[in-house]
>>> print(open('query-v7.txt').read())   # compact mmCIF, N, CA, C and O atoms
# COMPACT_ATOMS: atom_id res chain seq x y z
N MET Z 1 -6.19 -15.16 14.81
CA MET Z 1 -5.12 -14.24 14.50
C MET Z 1 -5.62 -13.25 13.43
O MET Z 1 -6.20 -13.65 12.43
N PRO Z 2 -5.37 -11.96 13.64
CA PRO Z 2 -5.83 -10.97 12.65
C PRO Z 2 -5.08 -11.09 11.33
O PRO Z 2 -3.92 -11.50 11.31
N ALA Z 3 -5.74 -10.74 10.24
CA ALA Z 3 -5.12 -10.80 8.92
C ALA Z 3 -4.13 -9.66 8.69
O ALA Z 3 -3.22 -9.79 7.88
N ILE Z 4 -4.28 -8.56 9.41
CA ILE Z 4 -3.40 -7.41 9.25
C ILE Z 4 -2.44 -7.34 10.43
O ILE Z 4 -2.86 -7.23 11.59
N ALA Z 5 -1.15 -7.42 10.15
CA ALA Z 5 -0.14 -7.32 11.21
C ALA Z 5 0.00 -5.89 11.69
O ALA Z 5 0.07 -5.61 12.87
N LYS Z 6 0.08 -4.96 10.73
CA LYS Z 6 0.14 -3.54 11.06
C LYS Z 6 -0.22 -2.73 9.83
O LYS Z 6 -0.25 -3.24 8.71
N SER Z 7 -0.50 -1.48 10.05
CA SER Z 7 -0.77 -0.56 8.94
C SER Z 7 -0.16 0.79 9.29
O SER Z 7 0.03 1.13 10.46
N ARG Z 8 0.18 1.52 8.26
CA ARG Z 8 0.80 2.83 8.44
C ARG Z 8 0.03 3.83 7.60
O ARG Z 8 -0.25 3.60 6.43
N TYR Z 9 -0.34 4.94 8.20
CA TYR Z 9 -1.09 5.98 7.52
C TYR Z 9 -0.33 7.30 7.60
O TYR Z 9 0.20 7.64 8.66
N THR Z 10 -0.31 8.04 6.50
CA THR Z 10 0.32 9.35 6.47
C THR Z 10 -0.61 10.31 5.76
O THR Z 10 -1.17 9.98 4.71
N TYR Z 11 -0.79 11.48 6.33
CA TYR Z 11 -1.62 12.50 5.71
C TYR Z 11 -0.84 13.81 5.68
O TYR Z 11 -0.31 14.23 6.72
N ILE Z 12 -0.77 14.42 4.52
CA ILE Z 12 -0.08 15.71 4.36
C ILE Z 12 -1.09 16.70 3.82
O ILE Z 12 -1.70 16.47 2.77
N ASP Z 13 -1.27 17.79 4.53
CA ASP Z 13 -2.22 18.82 4.12
C ASP Z 13 -1.46 20.09 3.78
O ASP Z 13 -0.88 20.73 4.66
N ALA Z 14 -1.43 20.43 2.50
CA ALA Z 14 -0.78 21.66 2.05
C ALA Z 14 -1.83 22.70 1.66
O ALA Z 14 -1.62 23.51 0.77
N GLY Z 15 -2.97 22.63 2.31
CA GLY Z 15 -4.03 23.59 2.03
C GLY Z 15 -4.79 23.23 0.77
O GLY Z 15 -4.86 22.07 0.36
N ALA Z 16 -5.36 24.22 0.13
CA ALA Z 16 -6.19 23.99 -1.06
C ALA Z 16 -5.38 23.53 -2.27
O ALA Z 16 -5.92 22.93 -3.18
N SER Z 17 -4.07 23.73 -2.26
CA SER Z 17 -3.26 23.37 -3.43
C SER Z 17 -2.94 21.89 -3.51
O SER Z 17 -2.82 21.34 -4.61
N ALA Z 18 -2.81 21.20 -2.36
CA ALA Z 18 -2.45 19.78 -2.41
C ALA Z 18 -2.75 19.10 -1.08
O ALA Z 18 -2.54 19.68 -0.02
N GLN Z 19 -3.22 17.85 -1.19
CA GLN Z 19 -3.41 16.99 -0.03
C GLN Z 19 -3.01 15.58 -0.44
O GLN Z 19 -3.31 15.15 -1.55
N VAL Z 20 -2.33 14.87 0.45
CA VAL Z 20 -1.84 13.53 0.16
C VAL Z 20 -2.21 12.60 1.31
O VAL Z 20 -1.97 12.93 2.48
N PHE Z 21 -2.79 11.45 0.98
CA PHE Z 21 -3.05 10.40 1.96
C PHE Z 21 -2.35 9.14 1.47
O PHE Z 21 -2.53 8.73 0.33
N ASN Z 22 -1.54 8.54 2.34
CA ASN Z 22 -0.81 7.33 2.00
C ASN Z 22 -1.08 6.28 3.06
O ASN Z 22 -1.10 6.58 4.25
N CYS Z 23 -1.29 5.04 2.62
CA CYS Z 23 -1.55 3.94 3.53
C CYS Z 23 -0.80 2.71 3.04
O CYS Z 23 -0.81 2.41 1.84
N VAL Z 24 -0.15 2.00 3.95
CA VAL Z 24 0.50 0.73 3.64
C VAL Z 24 -0.03 -0.29 4.65
O VAL Z 24 -0.02 -0.05 5.85
N ILE Z 25 -0.51 -1.42 4.13
CA ILE Z 25 -1.07 -2.47 4.97
C ILE Z 25 -0.17 -3.70 4.88
O ILE Z 25 0.11 -4.19 3.79
N TYR Z 26 0.28 -4.16 6.04
CA TYR Z 26 1.17 -5.31 6.14
C TYR Z 26 0.36 -6.51 6.63
O TYR Z 26 -0.17 -6.48 7.74
N PRO Z 27 0.27 -7.59 5.83
CA PRO Z 27 -0.48 -8.76 6.28
C PRO Z 27 0.30 -9.55 7.33
O PRO Z 27 1.52 -9.45 7.43
N THR Z 28 -0.42 -10.32 8.12
CA THR Z 28 0.23 -11.23 9.06
C THR Z 28 1.04 -12.24 8.27
O THR Z 28 0.62 -12.69 7.20
N HIS Z 29 2.21 -12.60 8.78
CA HIS Z 29 3.15 -13.42 8.01
C HIS Z 29 2.62 -14.81 7.66
O HIS Z 29 3.11 -15.43 6.72
N ILE Z 30 1.60 -15.30 8.36
CA ILE Z 30 1.09 -16.65 8.03
C ILE Z 30 0.23 -16.66 6.78
O ILE Z 30 0.00 -17.70 6.19
N TYR Z 31 -0.23 -15.48 6.36
CA TYR Z 31 -1.02 -15.37 5.13
C TYR Z 31 -0.09 -15.09 3.96
O TYR Z 31 0.84 -14.31 4.06
N ASP Z 32 -0.37 -15.70 2.85
CA ASP Z 32 0.46 -15.54 1.66
C ASP Z 32 -0.09 -14.39 0.81
O ASP Z 32 -0.62 -14.60 -0.28
N LEU Z 33 0.01 -13.16 1.35
CA LEU Z 33 -0.54 -11.98 0.69
C LEU Z 33 0.55 -10.94 0.51
O LEU Z 33 1.47 -10.84 1.31
N PRO Z 34 0.43 -10.11 -0.54
CA PRO Z 34 1.41 -9.03 -0.74
C PRO Z 34 1.10 -7.83 0.17
O PRO Z 34 0.02 -7.73 0.75
N LEU Z 35 2.05 -6.94 0.27
CA LEU Z 35 1.81 -5.66 0.94
C LEU Z 35 0.92 -4.82 0.05
O LEU Z 35 1.04 -4.84 -1.18
N LEU Z 36 0.03 -4.05 0.63
CA LEU Z 36 -0.87 -3.20 -0.13
C LEU Z 36 -0.57 -1.74 0.18
O LEU Z 36 -0.58 -1.33 1.34
N GLY Z 37 -0.31 -0.97 -0.86
CA GLY Z 37 -0.10 0.47 -0.71
C GLY Z 37 -1.21 1.22 -1.43
O GLY Z 37 -1.61 0.85 -2.54
N ILE Z 38 -1.72 2.26 -0.80
CA ILE Z 38 -2.78 3.08 -1.38
C ILE Z 38 -2.37 4.54 -1.24
O ILE Z 38 -1.98 4.98 -0.15
N ASP Z 39 -2.45 5.28 -2.33
CA ASP Z 39 -2.16 6.71 -2.32
C ASP Z 39 -3.33 7.46 -2.92
O ASP Z 39 -3.82 7.11 -4.00
N LEU Z 40 -3.76 8.50 -2.23
CA LEU Z 40 -4.78 9.41 -2.73
C LEU Z 40 -4.15 10.80 -2.76
O LEU Z 40 -3.72 11.30 -1.73
N LEU Z 41 -4.11 11.40 -3.94
CA LEU Z 41 -3.49 12.72 -4.09
C LEU Z 41 -4.52 13.68 -4.67
O LEU Z 41 -5.17 13.36 -5.67
N SER Z 42 -4.64 14.83 -4.07
CA SER Z 42 -5.56 15.85 -4.54
C SER Z 42 -4.78 17.13 -4.81
O SER Z 42 -4.07 17.62 -3.93
N PHE Z 43 -4.92 17.64 -6.02
CA PHE Z 43 -4.26 18.89 -6.42
C PHE Z 43 -5.35 19.87 -6.83
O PHE Z 43 -5.82 19.86 -7.96
N GLY Z 44 -5.77 20.68 -5.90
CA GLY Z 44 -6.86 21.60 -6.17
C GLY Z 44 -8.18 20.83 -6.20
O GLY Z 44 -8.30 19.72 -5.71
N LYS Z 45 -9.19 21.44 -6.80
CA LYS Z 45 -10.52 20.82 -6.84
C LYS Z 45 -10.74 19.93 -8.05
O LYS Z 45 -11.67 19.14 -8.08
N ASN Z 46 -9.90 20.02 -9.07
CA ASN Z 46 -10.18 19.34 -10.32
C ASN Z 46 -9.28 18.15 -10.64
O ASN Z 46 -9.53 17.45 -11.60
N LYS Z 47 -8.23 17.94 -9.87
CA LYS Z 47 -7.30 16.86 -10.19
C LYS Z 47 -7.11 15.96 -8.98
O LYS Z 47 -6.56 16.38 -7.96
N ILE Z 48 -7.58 14.71 -9.09
CA ILE Z 48 -7.44 13.72 -8.02
C ILE Z 48 -6.85 12.46 -8.62
O ILE Z 48 -7.34 11.95 -9.63
N TRP Z 49 -5.78 11.97 -8.02
CA TRP Z 49 -5.12 10.74 -8.48
C TRP Z 49 -5.25 9.68 -7.39
O TRP Z 49 -5.14 9.97 -6.20
N VAL Z 50 -5.45 8.43 -7.82
CA VAL Z 50 -5.53 7.29 -6.91
C VAL Z 50 -4.56 6.23 -7.41
O VAL Z 50 -4.58 5.88 -8.59
N PHE Z 51 -3.71 5.72 -6.52
CA PHE Z 51 -2.76 4.68 -6.87
C PHE Z 51 -2.91 3.50 -5.91
O PHE Z 51 -3.03 3.69 -4.70
N LEU Z 52 -2.91 2.29 -6.46
CA LEU Z 52 -2.88 1.06 -5.68
C LEU Z 52 -1.61 0.33 -6.06
O LEU Z 52 -1.28 0.22 -7.23
N ASP Z 53 -0.92 -0.20 -5.07
CA ASP Z 53 0.38 -0.81 -5.31
C ASP Z 53 0.50 -2.06 -4.46
O ASP Z 53 0.30 -2.01 -3.24
N PHE Z 54 0.78 -3.19 -5.10
CA PHE Z 54 1.02 -4.44 -4.38
C PHE Z 54 2.50 -4.79 -4.47
O PHE Z 54 3.08 -4.75 -5.55
N GLN Z 55 3.10 -5.12 -3.35
CA GLN Z 55 4.51 -5.50 -3.31
C GLN Z 55 4.61 -6.92 -2.75
O GLN Z 55 3.91 -7.26 -1.79
N PRO Z 56 5.47 -7.76 -3.33
CA PRO Z 56 5.61 -9.13 -2.82
C PRO Z 56 6.08 -9.13 -1.36
O PRO Z 56 6.84 -8.27 -0.95
N LEU Z 57 5.59 -10.11 -0.63
CA LEU Z 57 5.95 -10.22 0.78
C LEU Z 57 7.38 -10.74 0.95
O LEU Z 57 8.08 -10.35 1.87
N PHE Z 58 7.81 -11.61 0.03
CA PHE Z 58 9.15 -12.17 0.08
C PHE Z 58 9.81 -12.01 -1.29
O PHE Z 58 9.14 -11.85 -2.29
N ARG Z 59 11.12 -12.10 -1.35
CA ARG Z 59 11.84 -11.97 -2.62
C ARG Z 59 12.71 -13.18 -2.91
O ARG Z 59 13.60 -13.11 -3.73
N ASP Z 60 12.45 -14.30 -2.25
CA ASP Z 60 13.25 -15.50 -2.53
C ASP Z 60 12.79 -16.15 -3.84
O ASP Z 60 11.72 -15.84 -4.38
N GLU Z 61 13.61 -17.04 -4.39
CA GLU Z 61 13.34 -17.61 -5.71
C GLU Z 61 12.06 -18.42 -5.77
O GLU Z 61 11.34 -18.39 -6.76
N ALA Z 62 11.73 -19.17 -4.71
CA ALA Z 62 10.51 -19.99 -4.71
C ALA Z 62 9.28 -19.11 -4.76
O ALA Z 62 8.32 -19.39 -5.49
N TYR Z 63 9.27 -18.02 -4.02
CA TYR Z 63 8.13 -17.10 -4.00
C TYR Z 63 7.97 -16.42 -5.36
O TYR Z 63 6.87 -16.33 -5.90
N ILE Z 64 9.06 -15.96 -5.92
CA ILE Z 64 9.02 -15.31 -7.24
C ILE Z 64 8.55 -16.28 -8.32
O ILE Z 64 7.73 -15.93 -9.17
N ALA Z 65 9.04 -17.51 -8.29
CA ALA Z 65 8.62 -18.51 -9.28
C ALA Z 65 7.14 -18.81 -9.17
O ALA Z 65 6.47 -19.06 -10.18
N LYS Z 66 6.59 -18.77 -7.97
CA LYS Z 66 5.17 -19.10 -7.76
C LYS Z 66 4.25 -17.98 -8.20
O LYS Z 66 3.18 -18.22 -8.75
N TYR Z 67 4.63 -16.72 -7.98
CA TYR Z 67 3.70 -15.61 -8.16
C TYR Z 67 4.05 -14.63 -9.29
O TYR Z 67 3.21 -13.86 -9.71
N ILE Z 68 5.28 -14.61 -9.74
CA ILE Z 68 5.65 -13.56 -10.70
C ILE Z 68 5.97 -14.17 -12.05
O ILE Z 68 6.58 -15.17 -12.19
>>> encode(input="query-v7.txt", output="structure tokens")
Amino acid sequence: MPAIAKSRYTYIDAGASAQVFNCVIYPTHIYDLPLLGIDLLSFGKNKIWVFLDFQPLFRDEAYIAKYI
């Protein structure tokens, strides 16, 4: 069974002034892994931002007590 259930990619091109790439990776439910979000933002040639974001897979009390 693959580790990745699905992934979503978004790319926005506003020319030389701004470009945005967003990716969210959803793990297969049998793995105890968080969702992974990645954002790459470019504003002109001199400003590039990179964001990584992990979100819990579940929000029940047992999961929160174990990981948060």
>>> residues_near_point(input="query-v7.txt", point="(5.1, -4.4, -2.4)", cutoff="8 Å", atoms="all atoms listed in the file", output="MDAnalysis selection string")
chainID Z and resid 25 34:37 53:57
>>> atom_distance(input="query-v7.txt", atom1="atom N of Ser42 of chain Z", atom2="atom O of Ile4 of chain Z")
27.1 Å
>>> select_by_dssp(input="query-v7.txt", residues="chain Z", states="strand (DSSP E or B)", output="PyMOL selection string")
chain Z and resi 4-13+19-27+35-43+47-55
>>> residues_around(input="query-v7.txt", residues="Gly44 of chain Z", least_positions_apart="6", cutoff="9 Å", atoms="only C-alpha atoms", output="list in words")
Gly15, Ala16, Ser17, Ala18 and Gln19 of chain Z
>>> residues_around(input="query-v7.txt", residues="Tyr31 of chain Z", least_positions_apart="4", cutoff="8 Å", atoms="all atoms listed in the file", output="PyMOL selection string")
chain Z and resi 2-3+27+57
>>> residues_around(input="query-v7.txt", residues="Phe51 of chain Z", least_positions_apart="4", cutoff="10 Å", atoms="only C-alpha atoms", output="list in words")
Asn22, Gly37, Ile38, Asp39, Leu40 and Leu41 of chain Z
>>> atom_distance(input="query-v7.txt", atom1="atom C of Asn46 of chain Z", atom2="atom N of Phe21 of chain Z")
14.9 Å
>>> atom_distance(input="query-v7.txt", atom1="atom N of Phe58 of chain Z", atom2="atom N of Tyr11 of chain Z")
25.4 Å
>>> select_by_dssp(input="query-v7.txt", residues="chain Z", states="helix (DSSP H, G or I)", output="PyMOL selection string")
chain Z and resi 15-17+61-67
>>> build_atoms(input="query-v7.txt", residues="segment 30-41 of chain Z", atoms="all heavy atoms", output="mmCIF file, in the frame of the given file")
data_model
loop_
_atom_site.group_PDB
_atom_site.id
_atom_site.type_symbol
_atom_site.label_atom_id
_atom_site.label_comp_id
_atom_site.auth_asym_id
_atom_site.auth_seq_id
_atom_site.Cartn_x
_atom_site.Cartn_y
_atom_site.Cartn_z
ATOM 1 N N ILE Z 30 1.600 -15.300 8.360
ATOM 2 C CA ILE Z 30 1.090 -16.650 8.030
ATOM 3 C C ILE Z 30 0.230 -16.660 6.780
ATOM 4 O O ILE Z 30 0.000 -17.700 6.190
ATOM 5 C CB ILE Z 30 0.305 -17.270 9.213
ATOM 6 C CG1 ILE Z 30 -0.931 -16.442 9.529
ATOM 7 C CG2 ILE Z 30 1.194 -17.444 10.423
ATOM 8 C CD1 ILE Z 30 -1.882 -17.118 10.486
ATOM 9 N N TYR Z 31 -0.230 -15.480 6.360
ATOM 10 C CA TYR Z 31 -1.020 -15.370 5.130
ATOM 11 C C TYR Z 31 -0.090 -15.090 3.960
ATOM 12 O O TYR Z 31 0.840 -14.310 4.060
ATOM 13 C CB TYR Z 31 -2.071 -14.277 5.248
ATOM 14 C CG TYR Z 31 -3.096 -14.570 6.304
ATOM 15 C CD1 TYR Z 31 -3.047 -13.949 7.539
ATOM 16 C CD2 TYR Z 31 -4.111 -15.488 6.077
ATOM 17 C CE1 TYR Z 31 -3.976 -14.222 8.522
ATOM 18 C CE2 TYR Z 31 -5.041 -15.772 7.047
ATOM 19 C CZ TYR Z 31 -4.968 -15.138 8.264
ATOM 20 O OH TYR Z 31 -5.884 -15.422 9.230
ATOM 21 N N ASP Z 32 -0.370 -15.700 2.850
ATOM 22 C CA ASP Z 32 0.460 -15.540 1.660
ATOM 23 C C ASP Z 32 -0.090 -14.390 0.810
ATOM 24 O O ASP Z 32 -0.620 -14.600 -0.280
ATOM 25 C CB ASP Z 32 0.455 -16.862 0.880
ATOM 26 C CG ASP Z 32 1.631 -16.970 -0.049
ATOM 27 O OD1 ASP Z 32 2.501 -16.090 -0.019
ATOM 28 O OD2 ASP Z 32 1.665 -17.943 -0.813
ATOM 29 N N LEU Z 33 0.010 -13.160 1.350
ATOM 30 C CA LEU Z 33 -0.540 -11.980 0.690
ATOM 31 C C LEU Z 33 0.550 -10.940 0.510
ATOM 32 O O LEU Z 33 1.470 -10.840 1.310
ATOM 33 C CB LEU Z 33 -1.658 -11.389 1.558
ATOM 34 C CG LEU Z 33 -2.865 -12.272 1.798
ATOM 35 C CD1 LEU Z 33 -3.766 -11.637 2.855
ATOM 36 C CD2 LEU Z 33 -3.627 -12.494 0.513
ATOM 37 N N PRO Z 34 0.430 -10.110 -0.540
ATOM 38 C CA PRO Z 34 1.410 -9.030 -0.740
ATOM 39 C C PRO Z 34 1.100 -7.830 0.170
ATOM 40 O O PRO Z 34 0.020 -7.730 0.750
ATOM 41 C CB PRO Z 34 1.220 -8.655 -2.213
ATOM 42 C CG PRO Z 34 -0.216 -8.966 -2.465
ATOM 43 C CD PRO Z 34 -0.523 -10.192 -1.638
ATOM 44 N N LEU Z 35 2.050 -6.940 0.270
ATOM 45 C CA LEU Z 35 1.810 -5.660 0.940
ATOM 46 C C LEU Z 35 0.920 -4.820 0.050
ATOM 47 O O LEU Z 35 1.040 -4.840 -1.180
ATOM 48 C CB LEU Z 35 3.125 -4.913 1.183
ATOM 49 C CG LEU Z 35 4.210 -5.626 1.972
ATOM 50 C CD1 LEU Z 35 5.451 -4.755 2.024
ATOM 51 C CD2 LEU Z 35 3.740 -5.988 3.341
ATOM 52 N N LEU Z 36 0.030 -4.050 0.630
ATOM 53 C CA LEU Z 36 -0.870 -3.200 -0.130
ATOM 54 C C LEU Z 36 -0.570 -1.740 0.180
ATOM 55 O O LEU Z 36 -0.580 -1.330 1.340
ATOM 56 C CB LEU Z 36 -2.329 -3.510 0.218
ATOM 57 C CG LEU Z 36 -3.387 -2.561 -0.346
ATOM 58 C CD1 LEU Z 36 -3.375 -2.573 -1.873
ATOM 59 C CD2 LEU Z 36 -4.762 -2.918 0.188
ATOM 60 N N GLY Z 37 -0.310 -0.970 -0.860
ATOM 61 C CA GLY Z 37 -0.100 0.470 -0.710
ATOM 62 C C GLY Z 37 -1.210 1.220 -1.430
ATOM 63 O O GLY Z 37 -1.610 0.850 -2.540
ATOM 64 N N ILE Z 38 -1.720 2.260 -0.800
ATOM 65 C CA ILE Z 38 -2.780 3.080 -1.380
ATOM 66 C C ILE Z 38 -2.370 4.540 -1.240
ATOM 67 O O ILE Z 38 -1.980 4.980 -0.150
ATOM 68 C CB ILE Z 38 -4.122 2.857 -0.661
ATOM 69 C CG1 ILE Z 38 -4.540 1.391 -0.735
ATOM 70 C CG2 ILE Z 38 -5.201 3.765 -1.245
ATOM 71 C CD1 ILE Z 38 -5.704 1.039 0.159
ATOM 72 N N ASP Z 39 -2.450 5.280 -2.330
ATOM 73 C CA ASP Z 39 -2.160 6.710 -2.320
ATOM 74 C C ASP Z 39 -3.330 7.460 -2.920
ATOM 75 O O ASP Z 39 -3.820 7.110 -4.000
ATOM 76 C CB ASP Z 39 -0.903 7.024 -3.146
ATOM 77 C CG ASP Z 39 0.345 6.470 -2.511
ATOM 78 O OD1 ASP Z 39 0.709 6.974 -1.444
ATOM 79 O OD2 ASP Z 39 0.936 5.542 -3.081
ATOM 80 N N LEU Z 40 -3.760 8.500 -2.230
ATOM 81 C CA LEU Z 40 -4.780 9.410 -2.730
ATOM 82 C C LEU Z 40 -4.150 10.800 -2.760
ATOM 83 O O LEU Z 40 -3.720 11.300 -1.730
ATOM 84 C CB LEU Z 40 -6.018 9.422 -1.838
ATOM 85 C CG LEU Z 40 -6.694 8.080 -1.602
ATOM 86 C CD1 LEU Z 40 -7.771 8.210 -0.532
ATOM 87 C CD2 LEU Z 40 -7.280 7.548 -2.883
ATOM 88 N N LEU Z 41 -4.110 11.400 -3.940
ATOM 89 C CA LEU Z 41 -3.490 12.720 -4.090
ATOM 90 C C LEU Z 41 -4.520 13.680 -4.670
ATOM 91 O O LEU Z 41 -5.170 13.360 -5.670
ATOM 92 C CB LEU Z 41 -2.278 12.646 -5.015
ATOM 93 C CG LEU Z 41 -1.125 11.794 -4.498
ATOM 94 C CD1 LEU Z 41 -1.226 10.399 -5.060
ATOM 95 C CD2 LEU Z 41 0.171 12.422 -4.858
#
